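A quick write-up on the structure given underneath.
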Amino acid sequence: MTLNNFNLCPDPLHYAAYDWGLETLVNGLARDLKLGQYTPQRAELVRGAKNKGLSRPLCFLSTRDALVYKAITWSARTGLTSDAEKWVGFHNSKEGDADSPLVDDNGDSFDWFRFWLARQGSLLEMVDDDTVEYFVESDVANFYASIRLDAIREHLHARAGLEKEVVRLCVQLIDGVMPRNDYSESSLMGLPQEQLDSSQPIAHSLLAHVDAEFRPEGEMGRYMRYMDDILMTVPTVSDGQVAIARLQRSLETIGLYPNPSKTQILTKDQYLHEFMVDSQAEIDRISSDLEKQTPRRAPYNKWTTEEQWESVRSSSDRHRLMDPRPRRWSRVTGRFYTVHREIGMDDWWCYWFEDIENDPGTAPKILEFVRSWPLTINTLYDLLELSKRYGMLYADISILAAEVIATCPNAYDEDLWAEVSRLCRDEFSRLASLSPGDLSSERMAAAWLIASWKFSDWDSRQALIDALPADLSSVSPIRAHALPLVAAQGVVPITEWIAVRPGLDWETTLTAEYLRSLEGGEKEAILSALKLTRARLQLAPQRFTVLPRSIPLLDILGRVAPNDLAELAPKTLRALRKNLARLRDERLEVLVERWRP
């Protein structure tokens, strides 16, 4: 998973409990669905940064609910999208994708400007049309959150091709997982913007009537849409105003409205400048060169010649010096950070904190770059500052900062490790005490709990467990993520620890049952743990690693299956040491080496 995947509510054991109990889980879930006894649980919201204090409510379903919701929307996908026009698409390439493979070019003569336009649906056709001078762009204000449940129900009945019972189930799930304020009868959050994009086919197809309104323009190559991002071309400004009025009336039929701040009429040259087409095309050219040069094996940096290196540097410098900066500058900046991460260029290291300050919405891509370099004390301080400055505005930034610390490379430095342990423990305690019982604060605190644990020695880990709040609720993320740590420490049996903290939610109960089985030496539980403590190629750039929430399993395996772990540890260690120097996680290597015979 990359940080840009918004995997902000990870399972406490990287789904080891699901791997162990999958057959029982699926059979029970199928039974409940068939008998009409299935009940979803409230989802967890994490505020994701946009800009200027604004955030998007990212909705994280329980794994059980996510599975049901994904199955329903997958089944409905064909019915919802089968009659979509060719100029309407699911897959947004507006800002490009530095990680996607590109077609072979024809050397210096290849026109990357036109190639980038051609990848954006009808955009090349729009630019080539000499009869139009203006672009009209718009999107829907607060799109997902503004979609009404009755509109979803009617739409699914009319378009999804599902049996009525399945439509009722889908509507019940959406209504059941979305949070409510002040005991309201229905949620005010609309359609969940969740971790698997299961809502996407519903949201996308809800605007099919807008496409029908603009079908003549679409057939002429003057209209295109991705989700709620709408782009049209018109001959005059007055024609643009008429088009906006048509769009507004069409959206109002289902209670939606154009976003005033993003609805505008631009000249063709203004549009190409604002969307930085030259820069986007240049990044595509660079990415294509790197893709052809790099072998299909990992771990690696993408290979560069001296000429390519200088090309990246000069393009990056031109981008950095732009004044004034176009509206899409920050998004294109994120693409440059991706290229720098892939080739191991650190020229922009001095800018990363400032760039997140200027546009917090770019944090996932920029922090992905940050965690591709070894952790230093200064980086640690900067990441802590991000959490303290922005955590209460954008919970995702605090969570991602902690994830960077927990997963980034680091050199052998016991003083640094001790400082990481202490400062992360302090941040955990600060966040846990901010608003006791508030899931957002506790979700952030849980991320810092994991970061502190990884770098702690035995005594510090025990101090961390002793510092856990005593009155954690049944749905507390801190409680869920502390369970494996308590089991790993081995001072208090997991059964006893749970007994004095009753009322665990469904998923945490599954984790607890798995840990009990693992502590009891059950074969299947041991096999699930061994899978997760085997080094695999993960993260970006690809590197051999064991993800941080799997690390407590090492201590448990060391007690209940020492021979199995003794056989696995040398293999894991050899893989970890294959990583490039800047990608080695020597703290993790020390934790694994402890179990090598």
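By order in the structure tokens, chains are A, B, ...; within a chain, residues start at 1; ligands start at 1, following the order shown.
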(Q) Give me, as a list in words, all polymer residues having an atom no more than 12 Å from Glu165 (chain A), counting only C-alpha atoms and skipping those fewer than 2 positions away in the same chain. (A)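 My list of contacting residues is Leu33, Lys34, Leu35, Gly36, Ile72, Arg153, Leu156, His157, Gly161, Leu162, Glu163, Val167, Arg168, Leu169, Cys170, Val171 and Gln172 of chain A.
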Resulting file, chosen residues, all heavy atoms, as a compact mmCIF listing (two decimals), in the first residue's frame:
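Saved as again.txt:
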```txt
# COMPACT_ATOMS: atom_id res chain seq x y z
N LEU A 33 -26.67 -13.11 5.87
CA LEU A 33 -27.24 -12.43 4.71
C LEU A 33 -28.48 -13.17 4.19
O LEU A 33 -29.51 -12.56 3.88
CB LEU A 33 -26.20 -12.30 3.60
CG LEU A 33 -25.08 -11.29 3.86
CD1 LEU A 33 -23.93 -11.48 2.87
CD2 LEU A 33 -25.61 -9.86 3.78
N LYS A 34 -28.38 -14.48 4.11
CA LYS A 34 -29.50 -15.27 3.60
C LYS A 34 -30.71 -15.21 4.53
O LYS A 34 -31.86 -15.21 4.08
CB LYS A 34 -29.07 -16.73 3.41
CG LYS A 34 -28.11 -16.94 2.25
CD LYS A 34 -27.64 -18.39 2.19
CE LYS A 34 -26.65 -18.60 1.05
NZ LYS A 34 -26.14 -20.01 1.03
N LEU A 35 -30.46 -15.16 5.82
CA LEU A 35 -31.56 -15.13 6.80
C LEU A 35 -32.07 -13.72 7.08
O LEU A 35 -32.99 -13.54 7.87
CB LEU A 35 -31.10 -15.78 8.11
CG LEU A 35 -30.75 -17.27 8.03
CD1 LEU A 35 -30.21 -17.75 9.37
CD2 LEU A 35 -31.97 -18.09 7.61
N GLY A 36 -31.44 -12.72 6.46
CA GLY A 36 -31.86 -11.34 6.71
C GLY A 36 -31.47 -10.83 8.07
O GLY A 36 -32.10 -9.91 8.61
N ILE A 72 -21.78 -6.15 -3.47
CA ILE A 72 -23.01 -5.59 -4.06
C ILE A 72 -22.68 -4.66 -5.22
O ILE A 72 -23.24 -4.77 -6.32
CB ILE A 72 -23.83 -4.85 -2.99
CG1 ILE A 72 -24.33 -5.82 -1.92
CG2 ILE A 72 -25.01 -4.12 -3.63
CD1 ILE A 72 -24.98 -5.14 -0.73
N ARG A 153 -31.49 4.97 -3.60
CA ARG A 153 -32.45 3.86 -3.66
C ARG A 153 -33.15 3.83 -5.02
O ARG A 153 -33.22 2.77 -5.67
CB ARG A 153 -33.48 4.03 -2.54
CG ARG A 153 -34.52 2.91 -2.50
CD ARG A 153 -35.58 3.18 -1.46
NE ARG A 153 -35.05 3.16 -0.10
CZ ARG A 153 -34.89 4.24 0.66
NH1 ARG A 153 -35.18 5.45 0.18
NH2 ARG A 153 -34.40 4.15 1.88
N LEU A 156 -30.66 2.76 -7.84
CA LEU A 156 -30.31 1.34 -7.84
C LEU A 156 -31.46 0.49 -8.37
O LEU A 156 -31.26 -0.46 -9.13
CB LEU A 156 -29.92 0.89 -6.44
CG LEU A 156 -28.60 1.43 -5.89
CD1 LEU A 156 -28.39 0.99 -4.45
CD2 LEU A 156 -27.42 1.00 -6.75
N HIS A 157 -32.70 0.81 -7.97
CA HIS A 157 -33.85 0.08 -8.48
C HIS A 157 -33.96 0.21 -10.00
O HIS A 157 -34.29 -0.76 -10.69
CB HIS A 157 -35.14 0.57 -7.82
CG HIS A 157 -35.41 -0.03 -6.47
ND1 HIS A 157 -35.53 -1.39 -6.27
CD2 HIS A 157 -35.57 0.56 -5.25
CE1 HIS A 157 -35.76 -1.62 -4.99
NE2 HIS A 157 -35.80 -0.47 -4.35
N GLY A 161 -29.82 -3.43 -11.91
CA GLY A 161 -30.06 -4.81 -12.30
C GLY A 161 -29.96 -5.79 -11.15
O GLY A 161 -29.64 -6.96 -11.34
N LEU A 162 -30.24 -5.31 -9.94
CA LEU A 162 -30.18 -6.15 -8.74
C LEU A 162 -31.58 -6.53 -8.30
O LEU A 162 -32.55 -5.79 -8.52
CB LEU A 162 -29.47 -5.41 -7.60
CG LEU A 162 -28.03 -4.97 -7.82
CD1 LEU A 162 -27.57 -4.12 -6.63
CD2 LEU A 162 -27.11 -6.17 -8.00
N GLU A 163 -31.70 -7.66 -7.60
CA GLU A 163 -32.98 -8.00 -6.99
C GLU A 163 -33.32 -6.98 -5.92
O GLU A 163 -32.42 -6.39 -5.29
CB GLU A 163 -32.90 -9.40 -6.38
CG GLU A 163 -32.68 -10.51 -7.41
CD GLU A 163 -32.60 -11.89 -6.76
OE1 GLU A 163 -33.11 -12.05 -5.63
OE2 GLU A 163 -32.01 -12.79 -7.39
N VAL A 167 -31.02 -4.53 -3.29
CA VAL A 167 -31.06 -3.07 -3.24
C VAL A 167 -31.36 -2.60 -1.82
O VAL A 167 -30.72 -1.68 -1.30
CB VAL A 167 -32.11 -2.51 -4.23
CG1 VAL A 167 -32.28 -1.00 -4.03
CG2 VAL A 167 -31.69 -2.81 -5.66
N ARG A 168 -32.34 -3.27 -1.17
CA ARG A 168 -32.66 -2.89 0.21
C ARG A 168 -31.46 -3.10 1.12
O ARG A 168 -31.19 -2.29 2.01
CB ARG A 168 -33.87 -3.70 0.70
CG ARG A 168 -35.19 -3.29 0.09
CD ARG A 168 -36.37 -3.72 0.96
NE ARG A 168 -36.44 -5.16 1.10
CZ ARG A 168 -37.21 -5.96 0.33
NH1 ARG A 168 -37.95 -5.42 -0.63
NH2 ARG A 168 -37.24 -7.25 0.53
N LEU A 169 -30.75 -4.21 0.91
CA LEU A 169 -29.55 -4.49 1.70
C LEU A 169 -28.51 -3.39 1.51
O LEU A 169 -27.91 -2.91 2.48
CB LEU A 169 -28.96 -5.84 1.32
CG LEU A 169 -27.59 -6.19 1.91
CD1 LEU A 169 -27.64 -6.24 3.43
CD2 LEU A 169 -27.10 -7.52 1.34
N CYS A 170 -28.29 -2.99 0.26
CA CYS A 170 -27.28 -1.96 -0.02
C CYS A 170 -27.65 -0.63 0.64
O CYS A 170 -26.81 0.02 1.27
CB CYS A 170 -27.16 -1.77 -1.54
SG CYS A 170 -25.85 -0.64 -2.04
N VAL A 171 -28.92 -0.25 0.53
CA VAL A 171 -29.37 1.01 1.14
C VAL A 171 -29.27 0.93 2.66
O VAL A 171 -28.85 1.87 3.33
CB VAL A 171 -30.81 1.33 0.69
CG1 VAL A 171 -31.37 2.53 1.47
CG2 VAL A 171 -30.85 1.61 -0.80
N GLN A 172 -29.65 -0.23 3.23
CA GLN A 172 -29.54 -0.41 4.68
C GLN A 172 -28.08 -0.31 5.12
O GLN A 172 -27.77 0.29 6.15
CB GLN A 172 -30.10 -1.76 5.09
CG GLN A 172 -29.93 -2.05 6.58
CD GLN A 172 -30.40 -3.45 6.97
OE1 GLN A 172 -31.44 -3.89 6.52
NE2 GLN A 172 -29.61 -4.14 7.79
```
Q. Can you list, as a PyMOL selection string, every residue of region 226-293 of chain A that DSSP puts in helix (DSSP H, G or I)?
A. chain A and resi 237-252+260-262+268-274+277-293
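The residue that comes closest to Gly176 (chain A), out of A:Tyr69, A:Phe428, A:Trp448, A:Trp352 and on the basis of only C-alpha atoms, is A:Tyr69.
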(Q) Neighbouring residues of region 479-496 of chain A were defined as those with any atom within 6 Å, considering only C-alpha atoms; residues of the same chain fewer than 3 positions away were excluded. Please report them as an MDAnalysis selection string. (A) chainID A and resid 12 476 499 508 552 555:556
Can you write out the residues you just picked, keeping N, CA and C atoms, as a compact mmCIF listing (two decimals), in the first residue's frame?
```txt
# COMPACT_ATOMS: atom_id res chain seq x y z
N PRO A 12 -5.30 -4.33 13.11
CA PRO A 12 -4.23 -4.41 14.12
C PRO A 12 -3.16 -5.45 13.83
N SER A 476 -12.60 1.44 20.69
CA SER A 476 -11.40 2.27 20.69
C SER A 476 -10.31 1.71 19.77
N ALA A 499 -10.37 -9.88 29.95
CA ALA A 499 -11.38 -10.08 30.99
C ALA A 499 -11.61 -8.81 31.80
N THR A 508 -12.39 -6.48 16.93
CA THR A 508 -11.38 -6.64 17.96
C THR A 508 -11.52 -7.99 18.65
N PRO A 552 4.91 -7.46 16.39
CA PRO A 552 4.64 -8.14 17.67
C PRO A 552 4.49 -9.65 17.54
N ASP A 555 7.58 -11.83 18.68
CA ASP A 555 7.76 -12.18 20.09
C ASP A 555 6.85 -13.32 20.50
N ILE A 556 5.61 -13.32 19.97
CA ILE A 556 4.69 -14.40 20.31
C ILE A 556 5.16 -15.71 19.71
```
**Q.** Best match for closeness to Ala445 (chain A) among A:Gln264, A:Leu272, A:Leu416, A:Cys9, counting only C-alpha atoms
**A.**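 For Ala445 (chain A), the nearest of the given residues is A:Cys9.
If you look at CA of Pro360 (chain A) and CA of Ala446 (chain A), they are 21.5 Å away from each other.
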Q | All strand (DSSP E or B) residues (DSSP, backbone) inside region 241-450 of chain A, as a list of chain:residue names | A |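 These are the residues in question: A:Pro258, A:Gln264, A:Ile265, A:Leu266, A:Thr267, A:Asn410.
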Please dump the current selection as a short mmCIF file (atom, residue, chain, number, x, y, z; two decimals), in the first residue's frame; keep N, CA and C atoms.
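Final file, part.cif:
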```cif
data_model
loop_
_atom_site.label_atom_id
_atom_site.label_comp_id
_atom_site.auth_asym_id
_atom_site.auth_seq_id
_atom_site.Cartn_x
_atom_site.Cartn_y
_atom_site.Cartn_z
N PRO A 258 -23.55 22.80 -8.74
CA PRO A 258 -22.16 23.03 -9.14
C PRO A 258 -21.38 23.72 -8.02
N GLN A 264 -15.83 27.76 -13.79
CA GLN A 264 -15.29 28.94 -14.45
C GLN A 264 -15.18 28.74 -15.95
N ILE A 265 -15.07 29.87 -16.63
CA ILE A 265 -14.90 29.89 -18.08
C ILE A 265 -13.51 30.43 -18.37
N LEU A 266 -12.70 29.65 -19.09
CA LEU A 266 -11.31 30.01 -19.37
C LEU A 266 -11.07 30.00 -20.86
N THR A 267 -10.15 30.84 -21.33
CA THR A 267 -9.72 30.71 -22.71
C THR A 267 -8.94 29.40 -22.85
N ASN A 410 16.06 3.11 8.25
CA ASN A 410 16.84 3.76 9.32
C ASN A 410 18.14 3.01 9.50
#
```
**Q.** Selection near Ile397 (chain A), 10 Å with only C-alpha atoms, sequence-local residues under 3 positions removed, as a PyMOL selection string
**A.** chain A and resi 8+47-49+356+360-364+367+383+386-394+400-403+444
Find the residues near Leu530 (chain A): any atom within 10 Å, counting only C-alpha atoms, skip ones fewer than 2 places away on the same chain, and give them as a compact mmCIF listing (two decimals) with N, CA, C and O atoms, in the first residue's frame.
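The result, stored in out04.txt:
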```
# COMPACT_ATOMS: atom_id res chain seq x y z
N ALA A 16 -4.18 -10.88 9.88
CA ALA A 16 -3.83 -12.26 10.27
C ALA A 16 -5.05 -12.99 10.82
O ALA A 16 -5.27 -14.17 10.55
N GLU A 524 -2.87 -23.57 12.69
CA GLU A 524 -3.32 -22.62 11.67
C GLU A 524 -3.00 -21.18 12.07
O GLU A 524 -2.65 -20.34 11.23
N ALA A 525 -3.12 -20.88 13.35
CA ALA A 525 -2.79 -19.54 13.84
C ALA A 525 -1.29 -19.26 13.65
O ALA A 525 -0.89 -18.15 13.27
N ILE A 526 -0.46 -20.27 13.93
CA ILE A 526 0.99 -20.11 13.75
C ILE A 526 1.32 -19.89 12.28
O ILE A 526 2.14 -19.02 11.94
N LEU A 527 0.68 -20.62 11.39
CA LEU A 527 0.94 -20.46 9.95
C LEU A 527 0.58 -19.06 9.48
O LEU A 527 1.30 -18.45 8.68
N SER A 528 -0.53 -18.52 9.96
CA SER A 528 -0.92 -17.15 9.59
C SER A 528 0.12 -16.15 10.07
O SER A 528 0.45 -15.20 9.36
N LEU A 532 3.03 -13.53 7.82
CA LEU A 532 3.19 -12.08 7.98
C LEU A 532 4.56 -11.67 8.49
O LEU A 532 4.90 -10.48 8.45
N THR A 533 5.35 -12.60 8.98
CA THR A 533 6.69 -12.26 9.44
C THR A 533 7.75 -12.68 8.43
O THR A 533 8.94 -12.60 8.70
N ARG A 534 7.31 -13.08 7.26
CA ARG A 534 8.22 -13.36 6.15
C ARG A 534 8.41 -12.05 5.36
O ARG A 534 7.44 -11.36 5.05
N SER A 550 2.92 -6.33 12.07
CA SER A 550 3.25 -7.75 12.16
C SER A 550 4.40 -8.01 13.14
O SER A 550 4.61 -9.16 13.55
N LEU A 553 4.14 -10.14 16.34
CA LEU A 553 4.01 -11.57 16.15
C LEU A 553 5.34 -12.30 16.34
O LEU A 553 5.36 -13.48 16.69
N LEU A 554 6.45 -11.61 16.09
CA LEU A 554 7.76 -12.23 16.29
C LEU A 554 7.94 -12.70 17.73
O LEU A 554 8.40 -13.81 17.98
N LEU A 557 5.59 -15.69 18.45
CA LEU A 557 6.12 -16.89 17.81
C LEU A 557 7.35 -17.41 18.53
O LEU A 557 7.57 -18.62 18.63
N ALA A 561 6.31 -21.00 19.05
CA ALA A 561 6.80 -21.80 17.91
C ALA A 561 8.25 -21.44 17.63
O ALA A 561 8.60 -21.00 16.54
N ASP A 564 9.96 -23.01 14.45
CA ASP A 564 9.47 -22.44 13.19
C ASP A 564 10.08 -21.07 12.96
O ASP A 564 10.50 -20.73 11.84
N LEU A 565 10.13 -20.26 14.00
CA LEU A 565 10.69 -18.92 13.86
C LEU A 565 12.19 -18.98 13.61
O LEU A 565 12.73 -18.19 12.81
N LEU A 568 12.62 -19.55 10.01
CA LEU A 568 12.21 -18.43 9.16
C LEU A 568 13.14 -17.22 9.29
O LEU A 568 13.42 -16.54 8.29
N ALA A 569 13.63 -16.93 10.49
CA ALA A 569 14.37 -15.69 10.74
C ALA A 569 15.57 -15.48 9.81
O ALA A 569 15.74 -14.38 9.27
```
**Q.** From A:Arg159, A:Ala30, A:Ser456, A:Leu515, residue lying nearest Arg422 (chain A) [only C-alpha atoms]
**A.**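 The shortest atom-to-atom distance to Arg422 (chain A) comes from A:Ser456.
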